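Novice: The structure under discussion is supplied below as structure tokens; questions concerning it will follow.
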Amino acid sequence: MADLTVSFVQTALHWHDAAANRGSLDIALAGLTAPTDLIVLPEMFTTGFSMAAPELAEPMDGPTVAWLRAHAAAHNAVVTGSVIIEENGAYYNRLLWVRPDGSLSYYDKRHLFTLAGEQHTYTPGTAHLVEEWRGWRICPLVCYDLRFPVWSRNQPVAPYDLLLYVANWPAVRRTAWSTLLRARAIENVACALGVNRIGQDGLGHDYSGDSALIDAKGNYLVEAESESGVFTHTLSRTELDEFRAKFTALNDGDAFELR
């Protein structure tokens, strides 16, 4: 089985300006010259975390999906991040998983952030997404999902190898972000990646970043802290498999049915 090279972008976002955000990300990704397998962007990377969905939402054949397809093809990598999407009259905080051949899958954020009234604007998702990509099984989730370990739970039958969260997680709760991200890696015996934004949004909320890639033992492989940039690391298939062969905690988990 092959290693997996992961790249993620930690950046400030232009408030409610999709074209400006795509332009800034064009510049950031232009510096990504070495081969990579997966490029991860933050939650709502075209707008910032906003409830103004009627003004900001795009359709599935809109400019941001086209932009994602172009970058996936150019880098021969999956590109993923969440966008405000309108479909059949409903709005979704939708993570798009776009492959180099232009095909895509998506995951709609399950746990909507009621403290910001997200549930009044967006429709929650009902299903997980686990993607197989270049020999790795990857489970992408969105921001507030991080607080719900049952939804994130790995299973011993065909377990995922990498759990990832895209986020707009505010600085006031940065300790929770770092602690929970590390816990999700340890308890699921999987690598975990959390990609957050930096800067300040149009509502005055500050974001400290703290994006990080963590191995299945809970060790930090990459810590972005508050720095803006593109961060790349290659995950070792051998190291993950050898650790799981010795530490078989997933086999001892509780059986349950999620409703």
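Just so we're on the same page: first chain in the structure tokens is A, next is B, and so on; residues restart at 1 for each chain, and ligands are numbered from 1 in the order they show up.
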Contacts of Cys143 in chain A at 7 Å or less, counting only C-alpha atoms, minus same-chain residues fewer than 4 places along, as a JSON list (two decimals) with N, CA and C atoms, in the first residue's frame?
Specialist:
[["chain", "number", "residue", "atom", "x", "y", "z"],
["A", 165, "TYR", "N", -11.26, 17.07, 9.34],
["A", 165, "TYR", "CA", -12.27, 18.09, 9.63],
["A", 165, "TYR", "C", -11.85, 19.40, 8.98],
["A", 166, "VAL", "N", -12.77, 20.00, 8.22],
["A", 166, "VAL", "CA", -12.56, 21.36, 7.73],
["A", 166, "VAL", "C", -13.37, 22.28, 8.63],
["A", 167, "ALA", "N", -12.85, 23.47, 8.94],
["A", 167, "ALA", "CA", -13.46, 24.24, 10.01],
["A", 167, "ALA", "C", -13.30, 25.75, 9.84],
["A", 168, "ASN", "N", -14.22, 26.47, 10.50],
["A", 168, "ASN", "CA", -14.06, 27.87, 10.89],
["A", 168, "ASN", "C", -14.26, 27.88, 12.40],
["A", 169, "TRP", "N", -13.23, 27.49, 13.13],
["A", 169, "TRP", "CA", -13.31, 27.28, 14.58],
["A", 169, "TRP", "C", -12.70, 28.49, 15.28]]
Novice: Would you please extract all alpha helix (DSSP H) residues from range 13-225 of chain A, as assigned by DSSP on the backbone, and give them as a VMD selection string?
Specialist: chain A and resid 18 to 30 53 to 56 63 to 75 174 to 188
Novice: Contacts of range 125-131 of chain A at 7 Å or less, counting only C-alpha atoms, minus same-chain residues fewer than 3 places along, as a PDB file with N, CA, C and O atoms, in the first residue's frame?
Specialist:
ATOM      1  N   TYR A 107     -20.339  15.575   1.202  1.00  0.00           N
ATOM      2  CA  TYR A 107     -20.829  15.293   2.546  1.00  0.00           C
ATOM      3  C   TYR A 107     -21.470  16.575   3.073  1.00  0.00           C
ATOM      4  O   TYR A 107     -20.838  17.637   3.082  1.00  0.00           O
ATOM      5  N   ASP A 108     -22.721  16.502   3.504  1.00  0.00           N
ATOM      6  CA  ASP A 108     -23.412  17.636   4.097  1.00  0.00           C
ATOM      7  C   ASP A 108     -23.226  17.599   5.606  1.00  0.00           C
ATOM      8  O   ASP A 108     -23.490  16.584   6.258  1.00  0.00           O
ATOM      9  N   LYS A 109     -22.769  18.705   6.158  1.00  0.00           N
ATOM     10  CA  LYS A 109     -22.487  18.800   7.594  1.00  0.00           C
ATOM     11  C   LYS A 109     -23.667  18.279   8.417  1.00  0.00           C
ATOM     12  O   LYS A 109     -24.805  18.732   8.270  1.00  0.00           O
ATOM     13  N   ARG A 110     -23.388  17.334   9.276  1.00  0.00           N
ATOM     14  CA  ARG A 110     -24.425  16.696  10.075  1.00  0.00           C
ATOM     15  C   ARG A 110     -24.820  17.547  11.277  1.00  0.00           C
ATOM     16  O   ARG A 110     -26.000  17.772  11.541  1.00  0.00           O
ATOM     17  N   ARG A 137      -8.443   4.965   3.043  1.00  0.00           N
ATOM     18  CA  ARG A 137      -9.852   5.258   3.288  1.00  0.00           C
ATOM     19  C   ARG A 137      -9.921   6.513   4.147  1.00  0.00           C
ATOM     20  O   ARG A 137      -9.305   6.584   5.223  1.00  0.00           O
ATOM     21  N   ILE A 138     -10.673   7.498   3.670  1.00  0.00           N
ATOM     22  CA  ILE A 138     -10.672   8.829   4.264  1.00  0.00           C
ATOM     23  C   ILE A 138     -12.104   9.232   4.593  1.00  0.00           C
ATOM     24  O   ILE A 138     -13.000   9.112   3.757  1.00  0.00           O
ATOM     25  N   CYS A 139     -12.314   9.709   5.812  1.00  0.00           N
ATOM     26  CA  CYS A 139     -13.634  10.150   6.271  1.00  0.00           C
ATOM     27  C   CYS A 139     -13.590  11.656   6.524  1.00  0.00           C
ATOM     28  O   CYS A 139     -13.008  12.106   7.518  1.00  0.00           O
ATOM     29  N   PRO A 140     -14.192  12.472   5.651  1.00  0.00           N
ATOM     30  CA  PRO A 140     -14.199  13.917   5.853  1.00  0.00           C
ATOM     31  C   PRO A 140     -15.452  14.383   6.594  1.00  0.00           C
ATOM     32  O   PRO A 140     -16.573  13.962   6.291  1.00  0.00           O
TER      33      PRO A 140
END
Novice: Where does range 137-163 of chain A meet range 171-194 of chain A within 8 Å, residue by residue, with the nearest atom pair and distance in Å to one decimal for each, counting only C-alpha atoms, listed by chain and rising number, as a tab-separated table?
Specialist:
residue	atom	partner	partner_atom	distance
A:Leu146	CA	A:Leu180	CA	6.8
A:Arg147	CA	A:Leu180	CA	6.9
A:Pro149	CA	A:Arg184	CA	7.1
A:Ser152	CA	A:Arg184	CA	7.6
A:Arg153	CA	A:Asn188	CA	6.4
A:Asn154	CA	A:Asn188	CA	5.3
A:Tyr160	CA	A:Ala190	CA	7.1
A:Asp161	CA	A:Ala190	CA	5.1
A:Leu162	CA	A:Cys191	CA	4.7
A:Leu163	CA	A:Ala192	CA	4.7
Novice: For Pro35 in chain A, list every protein, DNA or RNA residue within 10 Å, evaluated using only C-alpha atoms, and leave out those in the same chain fewer than 4 positions away; present the list as a compact mmCIF listing (two decimals) with N, CA and C atoms, in the first residue's frame.
Specialist:
# COMPACT_ATOMS: atom_id res chain seq x y z
N THR A 5 0.41 11.64 0.41
CA THR A 5 0.89 13.00 0.63
C THR A 5 -0.31 13.94 0.72
N VAL A 6 -0.37 14.65 1.84
CA VAL A 6 -1.51 15.52 2.15
C VAL A 6 -1.02 16.97 2.22
N SER A 7 -1.74 17.87 1.56
CA SER A 7 -1.46 19.29 1.63
C SER A 7 -2.70 20.02 2.13
N HIS A 75 -3.44 19.59 -10.34
CA HIS A 75 -2.53 19.01 -9.33
C HIS A 75 -2.60 17.49 -9.28
N ASN A 76 -3.47 16.90 -10.11
CA ASN A 76 -3.67 15.44 -10.08
C ASN A 76 -3.90 14.97 -8.65
N ALA A 77 -4.82 15.65 -7.97
CA ALA A 77 -5.09 15.37 -6.56
C ALA A 77 -6.57 15.60 -6.29
N THR A 232 2.46 20.62 3.82
CA THR A 232 2.45 19.31 3.16
C THR A 232 3.22 18.29 4.00
Novice: Going by DSSP on the backbone, which residues of range 14-198 of chain A come out as strand (DSSP E or B)? List them as number ranges by chain.
Specialist: A: 38-40, 58, 78-87, 90-98, 104-108, 131-133, 136-142, 162-166, 191-195, 198
Novice: Considering only C-alpha atoms, can you say which of A:Val79, A:Ile39, A:Leu95, A:Met51 comes closest to Trp15 in chain A?
Specialist: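 Smallest separation from Trp15 in chain A among the options: A:Met51.
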Novice: Using only C-alpha atoms, which residues sit within 12 Å of His71 in chain A once same-chain residues fewer than 2 positions away are excluded, as an MDAnalysis selection string?
Specialist: chainID A and resid 22 25:30 32 36 38:41 64:69 73:80 98:102
Novice: For CA of Leu104 in chain A and CA of Gly135 in chain A, determine how far apart the two atoms are, in Å to one decimal place.
Specialist: 17.6 Å
Novice: Go ahead and compute the interatomic distance for CA of Arg237 in chain A and CA of Leu4 in chain A, in Å to one decimal.
Specialist: 7.4 Å
Novice: Pick out the closest residue to Ala18 in chain A from this set: A:Val83, A:Ala72, A:Thr33, A:Asp215. Count only C-alpha atoms.
Specialist: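 The closest residue to Ala18 in chain A is A:Val83.
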